[in-house]
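Coordinates from entry.pdb are shown below (PDB, C-alpha atoms, pLDDT in the B column).
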ATOM      1  CA  MET A   1       0.000   0.000   0.000  1.00 54.00           C
ATOM      2  CA  ARG A   2       3.030   2.288   0.001  1.00 77.00           C
ATOM      3  CA  GLU A   3       2.354   3.106  -3.654  1.00 80.00           C
ATOM      4  CA  ALA A   4      -1.207   4.146  -2.807  1.00 82.00           C
ATOM      5  CA  GLU A   5      -0.008   6.473  -0.071  1.00 85.00           C
ATOM      6  CA  ARG A   6       2.602   7.971  -2.357  1.00 88.00           C
ATOM      7  CA  ILE A   7       0.075   8.593  -5.154  1.00 89.00           C
ATOM      8  CA  VAL A   8      -2.356  10.271  -2.777  1.00 90.00           C
ATOM      9  CA  GLU A   9       0.317  12.401  -1.149  1.00 89.00           C
ATOM     10  CA  GLU A  10       1.851  13.547  -4.429  1.00 91.00           C
ATOM     11  CA  HIS A  11      -1.321  14.266  -6.357  1.00 93.00           C
ATOM     12  CA  TYR A  12      -4.215  15.068  -4.045  1.00 93.00           C
ATOM     13  CA  ALA A  13      -3.658  18.838  -4.050  1.00 94.00           C
ATOM     14  CA  ASP A  14      -3.417  18.897  -7.839  1.00 95.00           C
ATOM     15  CA  VAL A  15      -6.549  16.783  -8.273  1.00 95.00           C
ATOM     16  CA  TYR A  16      -8.406  18.965  -5.752  1.00 96.00           C
ATOM     17  CA  ARG A  17      -7.506  22.112  -7.700  1.00 96.00           C
ATOM     18  CA  LEU A  18      -8.680  20.511 -10.940  1.00 96.00           C
ATOM     19  CA  ALA A  19     -11.954  19.543  -9.256  1.00 95.00           C
ATOM     20  CA  LEU A  20     -12.395  23.049  -7.821  1.00 94.00           C
ATOM     21  CA  ARG A  21     -11.733  24.607 -11.205  1.00 95.00           C
ATOM     22  CA  LEU A  22     -14.152  22.252 -12.938  1.00 95.00           C
ATOM     23  CA  LEU A  23     -16.975  22.438 -10.407  1.00 93.00           C
ATOM     24  CA  GLY A  24     -16.460  25.830  -8.770  1.00 90.00           C
ATOM     25  CA  ASP A  25     -17.576  24.613  -5.349  1.00 90.00           C
ATOM     26  CA  PRO A  26     -15.095  23.668  -2.588  1.00 91.00           C
ATOM     27  CA  ASP A  27     -17.344  21.039  -0.983  1.00 91.00           C
ATOM     28  CA  ALA A  28     -18.137  19.381  -4.319  1.00 92.00           C
ATOM     29  CA  ALA A  29     -14.423  19.515  -5.176  1.00 93.00           C
ATOM     30  CA  GLU A  30     -13.583  17.683  -1.930  1.00 93.00           C
ATOM     31  CA  ASP A  31     -16.185  15.001  -2.670  1.00 93.00           C
ATOM     32  CA  LEU A  32     -14.941  14.606  -6.225  1.00 95.00           C
ATOM     33  CA  THR A  33     -11.320  14.318  -5.087  1.00 95.00           C
ATOM     34  CA  GLN A  34     -12.225  11.597  -2.621  1.00 93.00           C
ATOM     35  CA  GLU A  35     -14.193   9.741  -5.292  1.00 93.00           C
ATOM     36  CA  VAL A  36     -11.260   9.997  -7.707  1.00 94.00           C
ATOM     37  CA  PHE A  37      -8.811   8.463  -5.226  1.00 93.00           C
ATOM     38  CA  SER A  38     -11.296   5.867  -4.094  1.00 91.00           C
ATOM     39  CA  ARG A  39     -11.665   4.695  -7.702  1.00 91.00           C
ATOM     40  CA  ALA A  40      -7.968   5.014  -8.424  1.00 90.00           C
ATOM     41  CA  LEU A  41      -6.977   2.881  -5.428  1.00 87.00           C
ATOM     42  CA  ARG A  42      -9.523   0.246  -6.404  1.00 85.00           C
ATOM     43  CA  SER A  43      -8.033  -0.019  -9.889  1.00 84.00           C
ATOM     44  CA  LEU A  44      -4.404   0.506  -8.824  1.00 82.00           C
ATOM     45  CA  PRO A  45      -3.498  -3.199  -9.287  1.00 79.00           C
ATOM     46  CA  ARG A  46      -4.594  -2.862 -12.930  1.00 80.00           C
ATOM     47  CA  PHE A  47      -2.745   0.434 -13.524  1.00 81.00           C
ATOM     48  CA  ARG A  48      -0.026  -0.425 -16.066  1.00 77.00           C
ATOM     49  CA  HIS A  49       1.909   2.877 -15.937  1.00 77.00           C
ATOM     50  CA  GLU A  50       1.314   3.440 -19.668  1.00 78.00           C
ATOM     51  CA  SER A  51       0.461   7.025 -18.762  1.00 82.00           C
ATOM     52  CA  SER A  52       1.720   9.113 -15.853  1.00 88.00           C
ATOM     53  CA  PRO A  53      -0.215   8.829 -12.562  1.00 90.00           C
ATOM     54  CA  ARG A  54      -1.267  12.457 -12.974  1.00 93.00           C
ATOM     55  CA  THR A  55      -2.792  11.813 -16.434  1.00 92.00           C
ATOM     56  CA  TRP A  56      -4.509   8.702 -15.099  1.00 92.00           C
ATOM     57  CA  LEU A  57      -5.970  10.622 -12.126  1.00 94.00           C
ATOM     58  CA  TYR A  58      -7.019  13.553 -14.325  1.00 96.00           C
ATOM     59  CA  ARG A  59      -8.856  11.138 -16.616  1.00 94.00           C
ATOM     60  CA  ILE A  60     -10.733   9.646 -13.685  1.00 94.00           C
ATOM     61  CA  ALA A  61     -11.525  13.153 -12.396  1.00 95.00           C
ATOM     62  CA  LEU A  62     -12.902  14.244 -15.770  1.00 95.00           C
ATOM     63  CA  ASN A  63     -15.050  11.117 -16.049  1.00 94.00           C
ATOM     64  CA  GLU A  64     -16.342  11.562 -12.520  1.00 93.00           C
ATOM     65  CA  SER A  65     -17.056  15.263 -13.025  1.00 93.00           C
ATOM     66  CA  ARG A  66     -19.257  14.414 -16.023  1.00 90.00           C
ATOM     67  CA  ARG A  67     -21.513  12.243 -13.922  1.00 85.00           C
ATOM     68  CA  PRO A  68     -24.737  13.939 -12.829  1.00 77.00           C
ATOM     69  CA  ARG A  69     -24.372  15.372  -9.349  1.00 68.00           C
ATOM     70  CA  LYS A  70     -25.953  17.937  -7.140  1.00 57.00           C
ATOM     71  CA  ARG A  71     -25.438  21.170  -9.030  1.00 50.00           C
ATOM     72  CA  ALA A  72     -22.615  23.205  -7.554  1.00 51.00           C
ATOM     73  CA  LEU A  73     -23.587  26.570  -6.218  1.00 51.00           C
ATOM     74  CA  PRO A  74     -21.631  29.342  -7.862  1.00 52.00           C
ATOM     75  CA  LEU A  75     -18.752  30.544  -5.743  1.00 53.00           C
ATOM     76  CA  ASP A  76     -19.677  34.125  -4.951  1.00 53.00           C
ATOM     77  CA  ASP A  77     -17.159  36.914  -5.318  1.00 53.00           C
ATOM     78  CA  ALA A  78     -16.550  37.317  -1.610  1.00 52.00           C
ATOM     79  CA  ALA A  79     -15.987  33.581  -1.182  1.00 55.00           C
ATOM     80  CA  MET A  80     -13.511  33.604  -4.044  1.00 53.00           C
ATOM     81  CA  ALA A  81     -11.694  36.507  -2.410  1.00 50.00           C
ATOM     82  CA  ARG A  82     -11.554  34.703   0.962  1.00 51.00           C
ATOM     83  CA  ARG A  83     -10.256  31.585  -0.774  1.00 52.00           C
ATOM     84  CA  ALA A  84      -7.498  33.595  -2.405  1.00 48.00           C
ATOM     85  CA  ASP A  85      -6.418  35.257   0.819  1.00 50.00           C
ATOM     86  CA  PRO A  86      -8.307  34.301   3.995  1.00 47.00           C
ATOM     87  CA  ASP A  87      -6.509  36.894   6.151  1.00 51.00           C
ATOM     88  CA  ALA A  88      -7.182  39.863   3.954  1.00 47.00           C
ATOM     89  CA  GLY A  89      -9.967  42.332   4.615  1.00 45.00           C
ATOM     90  CA  PRO A  90     -13.097  42.023   2.524  1.00 45.00           C
ATOM     91  CA  GLU A  91     -13.040  45.206   0.445  1.00 50.00           C
ATOM     92  CA  PRO A  92      -9.855  45.496  -1.669  1.00 44.00           C
ATOM     93  CA  VAL A  93      -9.352  41.774  -2.250  1.00 50.00           C
ATOM     94  CA  ALA A  94     -13.015  41.245  -3.052  1.00 55.00           C
ATOM     95  CA  MET A  95     -12.761  43.965  -5.669  1.00 49.00           C
ATOM     96  CA  ALA A  96      -9.567  42.485  -7.090  1.00 55.00           C
ATOM     97  CA  HIS A  97     -11.059  39.018  -7.489  1.00 75.00           C
ATOM     98  CA  GLU A  98     -14.575  39.974  -8.473  1.00 85.00           C
ATOM     99  CA  ASP A  99     -13.763  39.724 -12.178  1.00 88.00           C
ATOM    100  CA  SER A 100     -12.029  36.340 -11.958  1.00 88.00           C
ATOM    101  CA  ALA A 101     -14.946  34.955  -9.927  1.00 90.00           C
ATOM    102  CA  ARG A 102     -17.290  36.131 -12.645  1.00 92.00           C
ATOM    103  CA  LEU A 103     -15.101  34.542 -15.290  1.00 93.00           C
ATOM    104  CA  HIS A 104     -15.225  31.266 -13.347  1.00 94.00           C
ATOM    105  CA  ARG A 105     -19.033  31.349 -13.404  1.00 94.00           C
ATOM    106  CA  LEU A 106     -19.008  32.018 -17.153  1.00 95.00           C
ATOM    107  CA  ILE A 107     -16.574  29.143 -17.778  1.00 96.00           C
ATOM    108  CA  ARG A 108     -19.037  26.805 -16.067  1.00 93.00           C
ATOM    109  CA  CYS A 109     -21.715  27.915 -18.540  1.00 93.00           C
ATOM    110  CA  LEU A 110     -19.632  26.709 -21.510  1.00 95.00           C
ATOM    111  CA  PRO A 111     -20.363  23.371 -23.236  1.00 95.00           C
ATOM    112  CA  ASP A 112     -18.561  20.513 -21.445  1.00 93.00           C
ATOM    113  CA  ARG A 113     -15.763  20.016 -23.979  1.00 95.00           C
ATOM    114  CA  TYR A 114     -14.927  23.742 -24.137  1.00 97.00           C
ATOM    115  CA  ARG A 115     -15.078  24.039 -20.342  1.00 96.00           C
ATOM    116  CA  GLU A 116     -12.779  21.072 -19.833  1.00 97.00           C
ATOM    117  CA  ALA A 117     -10.293  22.308 -22.433  1.00 97.00           C
ATOM    118  CA  VAL A 118     -10.251  25.803 -20.895  1.00 97.00           C
ATOM    119  CA  VAL A 119      -9.770  24.466 -17.353  1.00 97.00           C
ATOM    120  CA  LEU A 120      -7.039  22.019 -18.355  1.00 97.00           C
ATOM    121  CA  HIS A 121      -5.110  24.461 -20.543  1.00 97.00           C
ATOM    122  CA  TYR A 122      -5.556  27.912 -19.026  1.00 97.00           C
ATOM    123  CA  LEU A 123      -6.069  27.010 -15.358  1.00 96.00           C
ATOM    124  CA  GLN A 124      -4.211  23.719 -14.872  1.00 96.00           C
ATOM    125  CA  GLY A 125      -1.483  24.791 -17.293  1.00 95.00           C
ATOM    126  CA  LEU A 126      -1.414  21.641 -19.442  1.00 96.00           C
ATOM    127  CA  GLU A 127       0.030  21.722 -22.950  1.00 96.00           C
ATOM    128  CA  GLN A 128      -2.533  21.499 -25.753  1.00 96.00           C
ATOM    129  CA  ARG A 129      -1.280  18.060 -26.821  1.00 95.00           C
ATOM    130  CA  ASP A 130      -1.775  16.778 -23.259  1.00 95.00           C
ATOM    131  CA  VAL A 131      -5.277  18.252 -23.194  1.00 96.00           C
ATOM    132  CA  ALA A 132      -5.958  16.501 -26.505  1.00 96.00           C
ATOM    133  CA  ALA A 133      -4.789  13.161 -25.117  1.00 94.00           C
ATOM    134  CA  LEU A 134      -6.935  13.563 -22.011  1.00 94.00           C
ATOM    135  CA  LEU A 135     -10.027  14.492 -23.998  1.00 95.00           C
ATOM    136  CA  SER A 136      -9.386  11.738 -26.571  1.00 94.00           C
ATOM    137  CA  THR A 137      -9.086  14.075 -29.513  1.00 96.00           C
ATOM    138  CA  ASN A 138      -6.342  15.733 -31.566  1.00 96.00           C
ATOM    139  CA  GLU A 139      -4.458  18.944 -30.953  1.00 96.00           C
ATOM    140  CA  ASN A 140      -6.162  20.880 -33.753  1.00 97.00           C
ATOM    141  CA  THR A 141      -9.573  20.136 -32.305  1.00 97.00           C
ATOM    142  CA  VAL A 142      -8.418  21.397 -28.910  1.00 97.00           C
ATOM    143  CA  LYS A 143      -7.139  24.595 -30.557  1.00 97.00           C
ATOM    144  CA  THR A 144     -10.552  25.075 -32.166  1.00 97.00           C
ATOM    145  CA  TRP A 145     -12.376  24.433 -28.881  1.00 97.00           C
ATOM    146  CA  LEU A 146     -10.160  26.918 -27.033  1.00 97.00           C
ATOM    147  CA  HIS A 147     -10.618  29.540 -29.733  1.00 97.00           C
ATOM    148  CA  ARG A 148     -14.407  29.137 -29.674  1.00 97.00           C
ATOM    149  CA  ALA A 149     -14.473  29.085 -25.895  1.00 97.00           C
ATOM    150  CA  ARG A 150     -12.542  32.345 -25.730  1.00 96.00           C
ATOM    151  CA  ALA A 151     -14.913  33.939 -28.243  1.00 95.00           C
ATOM    152  CA  GLN A 152     -17.952  32.788 -26.243  1.00 95.00           C
ATOM    153  CA  LEU A 153     -16.474  34.011 -22.970  1.00 95.00           C
ATOM    154  CA  ARG A 154     -15.681  37.417 -24.393  1.00 94.00           C
ATOM    155  CA  LEU A 155     -19.233  37.733 -25.715  1.00 93.00           C
ATOM    156  CA  MET A 156     -20.855  36.474 -22.514  1.00 93.00           C
ATOM    157  CA  TRP A 157     -18.762  38.947 -20.560  1.00 90.00           C
ATOM    158  CA  GLY A 158     -20.361  41.753 -22.531  1.00 85.00           C
ATOM    159  CA  GLU A 159     -23.885  40.528 -21.775  1.00 82.00           C
ATOM    160  CA  ARG A 160     -23.858  41.777 -18.208  1.00 63.00           C
TER     161      ARG A 160
ATOM    162  CA  MET B 161     -21.574  46.448 -22.558  1.00 64.00           C
ATOM    163  CA  ASN B 162     -18.637  45.721 -24.907  1.00 73.00           C
ATOM    164  CA  PRO B 163     -17.154  42.231 -25.265  1.00 77.00           C
ATOM    165  CA  LEU B 164     -14.028  41.579 -23.233  1.00 83.00           C
ATOM    166  CA  ALA B 165     -10.707  42.298 -24.962  1.00 88.00           C
ATOM    167  CA  ASP B 166      -8.605  39.233 -25.711  1.00 90.00           C
ATOM    168  CA  ASP B 167      -5.589  40.323 -23.662  1.00 92.00           C
ATOM    169  CA  GLU B 168      -7.876  41.194 -20.764  1.00 91.00           C
ATOM    170  CA  LEU B 169      -9.306  37.667 -20.920  1.00 93.00           C
ATOM    171  CA  THR B 170      -5.757  36.259 -20.781  1.00 94.00           C
ATOM    172  CA  ARG B 171      -5.049  38.399 -17.718  1.00 92.00           C
ATOM    173  CA  LEU B 172      -8.267  37.193 -16.060  1.00 93.00           C
ATOM    174  CA  PHE B 173      -7.328  33.553 -16.687  1.00 94.00           C
ATOM    175  CA  ALA B 174      -4.060  34.179 -14.820  1.00 94.00           C
ATOM    176  CA  THR B 175      -5.907  35.825 -11.912  1.00 92.00           C
ATOM    177  CA  LEU B 176      -8.419  32.997 -11.743  1.00 93.00           C
ATOM    178  CA  ARG B 177      -5.621  30.447 -11.849  1.00 94.00           C
ATOM    179  CA  GLU B 178      -4.015  32.115  -8.826  1.00 92.00           C
ATOM    180  CA  ALA B 179      -7.304  32.477  -6.989  1.00 91.00           C
ATOM    181  CA  THR B 180      -8.007  28.752  -7.310  1.00 92.00           C
ATOM    182  CA  ALA B 181      -4.473  27.594  -6.511  1.00 92.00           C
ATOM    183  CA  ALA B 182      -5.000  27.483  -2.752  1.00 83.00           C
ATOM    184  CA  GLU B 183      -3.946  24.425  -0.764  1.00 88.00           C
ATOM    185  CA  PRO B 184      -6.771  21.949  -0.195  1.00 91.00           C
ATOM    186  CA  PRO B 185      -8.375  21.901   3.262  1.00 89.00           C
ATOM    187  CA  ARG B 186      -6.837  19.628   5.915  1.00 88.00           C
ATOM    188  CA  SER B 187     -10.148  17.807   6.231  1.00 89.00           C
ATOM    189  CA  LEU B 188      -9.611  16.436   2.708  1.00 90.00           C
ATOM    190  CA  TRP B 189      -6.242  14.999   3.685  1.00 88.00           C
ATOM    191  CA  HIS B 190      -7.865  13.185   6.628  1.00 89.00           C
ATOM    192  CA  ARG B 191     -10.629  11.813   4.387  1.00 89.00           C
ATOM    193  CA  LEU B 192      -8.091  10.515   1.894  1.00 89.00           C
ATOM    194  CA  ALA B 193      -5.920   9.001   4.627  1.00 87.00           C
ATOM    195  CA  LEU B 194      -8.998   7.073   5.783  1.00 86.00           C
ATOM    196  CA  THR B 195      -9.620   5.892   2.212  1.00 83.00           C
ATOM    197  CA  VAL B 196      -6.035   4.600   1.958  1.00 84.00           C
ATOM    198  CA  GLU B 197      -6.334   2.927   5.358  1.00 82.00           C
ATOM    199  CA  GLU B 198      -9.559   1.197   4.341  1.00 78.00           C
ATOM    200  CA  ARG B 199      -7.896  -0.047   1.172  1.00 74.00           C
ATOM    201  CA  SER B 200      -4.904  -1.362   3.072  1.00 71.00           C
ATOM    202  CA  GLU B 201      -7.235  -3.293   5.371  1.00 65.00           C
ATOM    203  CA  ARG B 202      -9.198  -4.844   2.545  1.00 65.00           C
ATOM    204  CA  PRO B 203      -6.886  -7.718   1.622  1.00 67.00           C
ATOM    205  CA  TRP B 204      -7.448  -9.128   5.130  1.00 71.00           C
ATOM    206  CA  LEU B 205     -11.143  -8.536   4.807  1.00 72.00           C
ATOM    207  CA  ARG B 206     -11.236 -10.267   1.443  1.00 72.00           C
ATOM    208  CA  MET B 207      -9.321 -13.264   2.797  1.00 77.00           C
ATOM    209  CA  LEU B 208     -11.688 -13.477   5.750  1.00 82.00           C
ATOM    210  CA  LEU B 209     -14.735 -13.319   3.481  1.00 84.00           C
ATOM    211  CA  ALA B 210     -13.296 -15.998   1.196  1.00 84.00           C
ATOM    212  CA  ALA B 211     -12.630 -18.293   4.184  1.00 89.00           C
ATOM    213  CA  CYS B 212     -16.184 -17.751   5.471  1.00 91.00           C
ATOM    214  CA  ALA B 213     -17.612 -18.538   2.035  1.00 91.00           C
ATOM    215  CA  SER B 214     -15.614 -21.785   1.821  1.00 90.00           C
ATOM    216  CA  VAL B 215     -16.779 -22.925   5.252  1.00 92.00           C
ATOM    217  CA  ALA B 216     -20.385 -22.072   4.365  1.00 92.00           C
ATOM    218  CA  ALA B 217     -20.136 -24.069   1.122  1.00 91.00           C
ATOM    219  CA  VAL B 218     -18.822 -27.150   2.936  1.00 91.00           C
ATOM    220  CA  LEU B 219     -21.546 -26.887   5.603  1.00 91.00           C
ATOM    221  CA  LEU B 220     -24.252 -26.609   2.948  1.00 90.00           C
ATOM    222  CA  LEU B 221     -22.843 -29.613   1.142  1.00 88.00           C
ATOM    223  CA  LEU B 222     -22.889 -31.660   4.337  1.00 88.00           C
ATOM    224  CA  LEU B 223     -26.403 -30.493   5.186  1.00 87.00           C
ATOM    225  CA  PHE B 224     -27.820 -31.446   1.825  1.00 88.00           C
ATOM    226  CA  ALA B 225     -25.745 -34.590   1.336  1.00 87.00           C
ATOM    227  CA  PRO B 226     -28.674 -37.002   2.039  1.00 86.00           C
ATOM    228  CA  VAL B 227     -30.922 -35.105  -0.378  1.00 87.00           C
ATOM    229  CA  LEU B 228     -28.220 -35.156  -3.032  1.00 85.00           C
ATOM    230  CA  ALA B 229     -27.668 -38.876  -2.493  1.00 87.00           C
ATOM    231  CA  ALA B 230     -31.405 -39.547  -2.895  1.00 86.00           C
ATOM    232  CA  LEU B 231     -31.460 -37.507  -6.072  1.00 86.00           C
ATOM    233  CA  ALA B 232     -28.501 -39.409  -7.431  1.00 86.00           C
ATOM    234  CA  ALA B 233     -30.187 -42.737  -6.671  1.00 84.00           C
ATOM    235  CA  THR B 234     -33.396 -41.637  -8.387  1.00 81.00           C
ATOM    236  CA  THR B 235     -31.480 -40.501 -11.421  1.00 81.00           C
ATOM    237  CA  ALA B 236     -29.666 -43.832 -11.493  1.00 82.00           C
ATOM    238  CA  TRP B 237     -33.036 -45.619 -11.699  1.00 82.00           C
ATOM    239  CA  LEU B 238     -34.496 -43.194 -14.195  1.00 84.00           C
ATOM    240  CA  ALA B 239     -31.850 -43.741 -16.800  1.00 82.00           C
ATOM    241  CA  PRO B 240     -32.393 -47.516 -17.346  1.00 83.00           C
ATOM    242  CA  ALA B 241     -36.165 -47.060 -17.010  1.00 86.00           C
ATOM    243  CA  GLY B 242     -36.104 -44.454 -19.742  1.00 86.00           C
ATOM    244  CA  ALA B 243     -34.008 -46.654 -21.967  1.00 86.00           C
ATOM    245  CA  LEU B 244     -36.427 -49.547 -21.444  1.00 85.00           C
ATOM    246  CA  ALA B 245     -39.437 -47.378 -22.241  1.00 87.00           C
ATOM    247  CA  TRP B 246     -37.740 -46.128 -25.367  1.00 87.00           C
ATOM    248  CA  ALA B 247     -36.988 -49.678 -26.503  1.00 84.00           C
ATOM    249  CA  LEU B 248     -40.611 -50.788 -25.890  1.00 82.00           C
ATOM    250  CA  LEU B 249     -41.958 -47.874 -27.870  1.00 81.00           C
ATOM    251  CA  ALA B 250     -39.574 -48.601 -30.690  1.00 79.00           C
ATOM    252  CA  GLU B 251     -40.726 -52.238 -30.738  1.00 75.00           C
ATOM    253  CA  ARG B 252     -44.417 -51.187 -31.010  1.00 65.00           C
ATOM    254  CA  ASP B 253     -43.688 -49.431 -34.305  1.00 57.00           C
TER     255      ASP B 253
END
Would you mind writing the file out in structure tokens?
Amino acid sequence: MREAERIVEEHYADVYRLALRLLGDPDAAEDLTQEVFSRALRSLPRFRHESSPRTWLYRIALNESRRPRKRALPLDDAAMARRADPDAGPEPVAMAHEDSARLHRLIRCLPDRYREAVVLHYLQGLEQRDVAALLSTNENTVKTWLHRARAQLRLMWGER
Amino acid sequence: MNPLADDELTRLFATLREATAAEPPRSLWHRLALTVEERSERPWLRMLLAACASVAAVLLLLLFAPVLAALAATTAWLAPAGALAWALLAERD
């Protein structure tokens, strides 16, 4: 079980951040992270190391996040500000993060494929070819999805 | 309101990335530690369940042994009887 402990220790923060970025709700992100590791540990004996553990865990997280669940409440601007800096006062930080919180809500309104590509590339920092591998498509398709997602986000931003 | 400028969107992605890069809560670590612990206990649990299942199977076999023996005896009689009946019918034709 040493391998299981090592996988959890090395990747749980990363998987949690992916879950938070996909779902936008800290409680739902915690539940999703636990579900991901629960599934991963169950199938660990069958894991053949053909991909990196991170890719394997991301794939499980994406599959799990697509399953119907209690709809995540949007993280409000103040909550986003507290999450960014819990010790800071409410006013200046809340103002600074108001726009990114709004962007997060808009990202969650995108079609699933666009949303996942945006989260993996712009928020998780994955290369486009890695995003393509995770979403079982090719790099050009990911480029198209990202381009369309950006266009939709820019338009939605204007529809205040 | 005007659509967002492209470079402004890029800047907002960076801000959002930072805002969601916080460390996960400690409670999550405890939940995951429990999950790992449960998994590490499972091989023993599986072995115990397998042993229980084997014992139960043997007990059931012993319990139903007379019934099974009776069934076997009946079947042993049925086979020649069937063959005889078949031969008689064939002769009638």
For the contact check between chain B and chain A, emit one row per residue of chain B within 9 Å, containing the shortest atom pair and the distance in Å rounded to one decimal, counting only C-alpha atoms, chain then rising number order, as a Markdown table.
| residue | atom | partner | partner_atom | distance |
| --- | --- | --- | --- | --- |
| B:Met161 | CA | A:Gly158 | CA | 4.8 |
| B:Asn162 | CA | A:Gly158 | CA | 4.9 |
| B:Pro163 | CA | A:Gly158 | CA | 4.2 |
| B:Leu164 | CA | A:Arg154 | CA | 4.6 |
| B:Ala165 | CA | A:Arg154 | CA | 7.0 |
| B:Asp166 | CA | A:Arg154 | CA | 7.4 |
| B:Leu169 | CA | A:Arg154 | CA | 7.3 |
| B:Thr170 | CA | A:Tyr122 | CA | 8.5 |
| B:Leu172 | CA | A:Ser100 | CA | 5.6 |
| B:Phe173 | CA | A:Tyr122 | CA | 6.4 |
| B:Ala174 | CA | A:Leu123 | CA | 7.5 |
| B:Thr175 | CA | A:Ser100 | CA | 6.1 |
| B:Leu176 | CA | A:Ser100 | CA | 4.9 |
| B:Arg177 | CA | A:Leu123 | CA | 4.9 |
| B:Glu178 | CA | A:Ala84 | CA | 7.5 |
| B:Ala179 | CA | A:Ala84 | CA | 4.7 |
| B:Thr180 | CA | A:Arg17 | CA | 6.7 |
| B:Ala181 | CA | A:Arg17 | CA | 6.4 |
| B:Ala182 | CA | A:Ala84 | CA | 6.6 |
| B:Glu183 | CA | A:Ala13 | CA | 6.5 |
| B:Pro184 | CA | A:Ala13 | CA | 5.9 |
| B:Pro185 | CA | A:Glu30 | CA | 8.5 |
| B:Ser187 | CA | A:Glu30 | CA | 8.9 |
| B:Leu188 | CA | A:Glu30 | CA | 6.2 |
| B:Trp189 | CA | A:Tyr12 | CA | 8.0 |
| B:Arg191 | CA | A:Gln34 | CA | 7.2 |
| B:Leu192 | CA | A:Gln34 | CA | 6.2 |
| B:Ala193 | CA | A:Glu5 | CA | 8.0 |
| B:Thr195 | CA | A:Ser38 | CA | 6.5 |
| B:Val196 | CA | A:Glu5 | CA | 6.6 |
| B:Glu197 | CA | A:Met1 | CA | 8.8 |
| B:Arg199 | CA | A:Leu41 | CA | 7.3 |
| B:Ser200 | CA | A:Met1 | CA | 5.9 |
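We find atom CA of His121 of chain A and atom CA of Arg59 of chain A to be spaced 14.4 Å apart.
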For segment 180-193 of chain B, what centre and edge lengths in Å (one decimal) does the axis-aligned box get once 8 Å is added on each side of all its listed atoms, as JSON?
{"center_x": -7.3, "center_y": 18.9, "center_z": -0.3, "size_x": 22.7, "size_y": 35.8, "size_z": 29.9}
* Asked: Using all atoms listed in the file, can you list as number ranges by chain the residues within 6 Å of (-11.6, 27.8, -22.5)?
  -> A: 114-115, 117-118, 146, 149-150
* Where does the PyMOL selection byres ((chain A and resi 132) around 12) land in this file, that is, which residues does it pick, as JSON, numbers by chain? -> {"A": [55, 59, 113, 114, 116, 117, 118, 120, 121, 126, 127, 128, 129, 130, 131, 133, 134, 135, 136, 137, 138, 139, 140, 141, 142, 143, 144, 145, 146]}
* Structure fact -> Correct to one decimal, the distance atom CA of Pro226 of chain B-atom CA of Leu208 of chain B is 29.3 Å
* Pairwise distance for atom CA of Trp56 of chain A and atom CA of His11 of chain A, rounded to one decimal in Å -> 10.8 Å
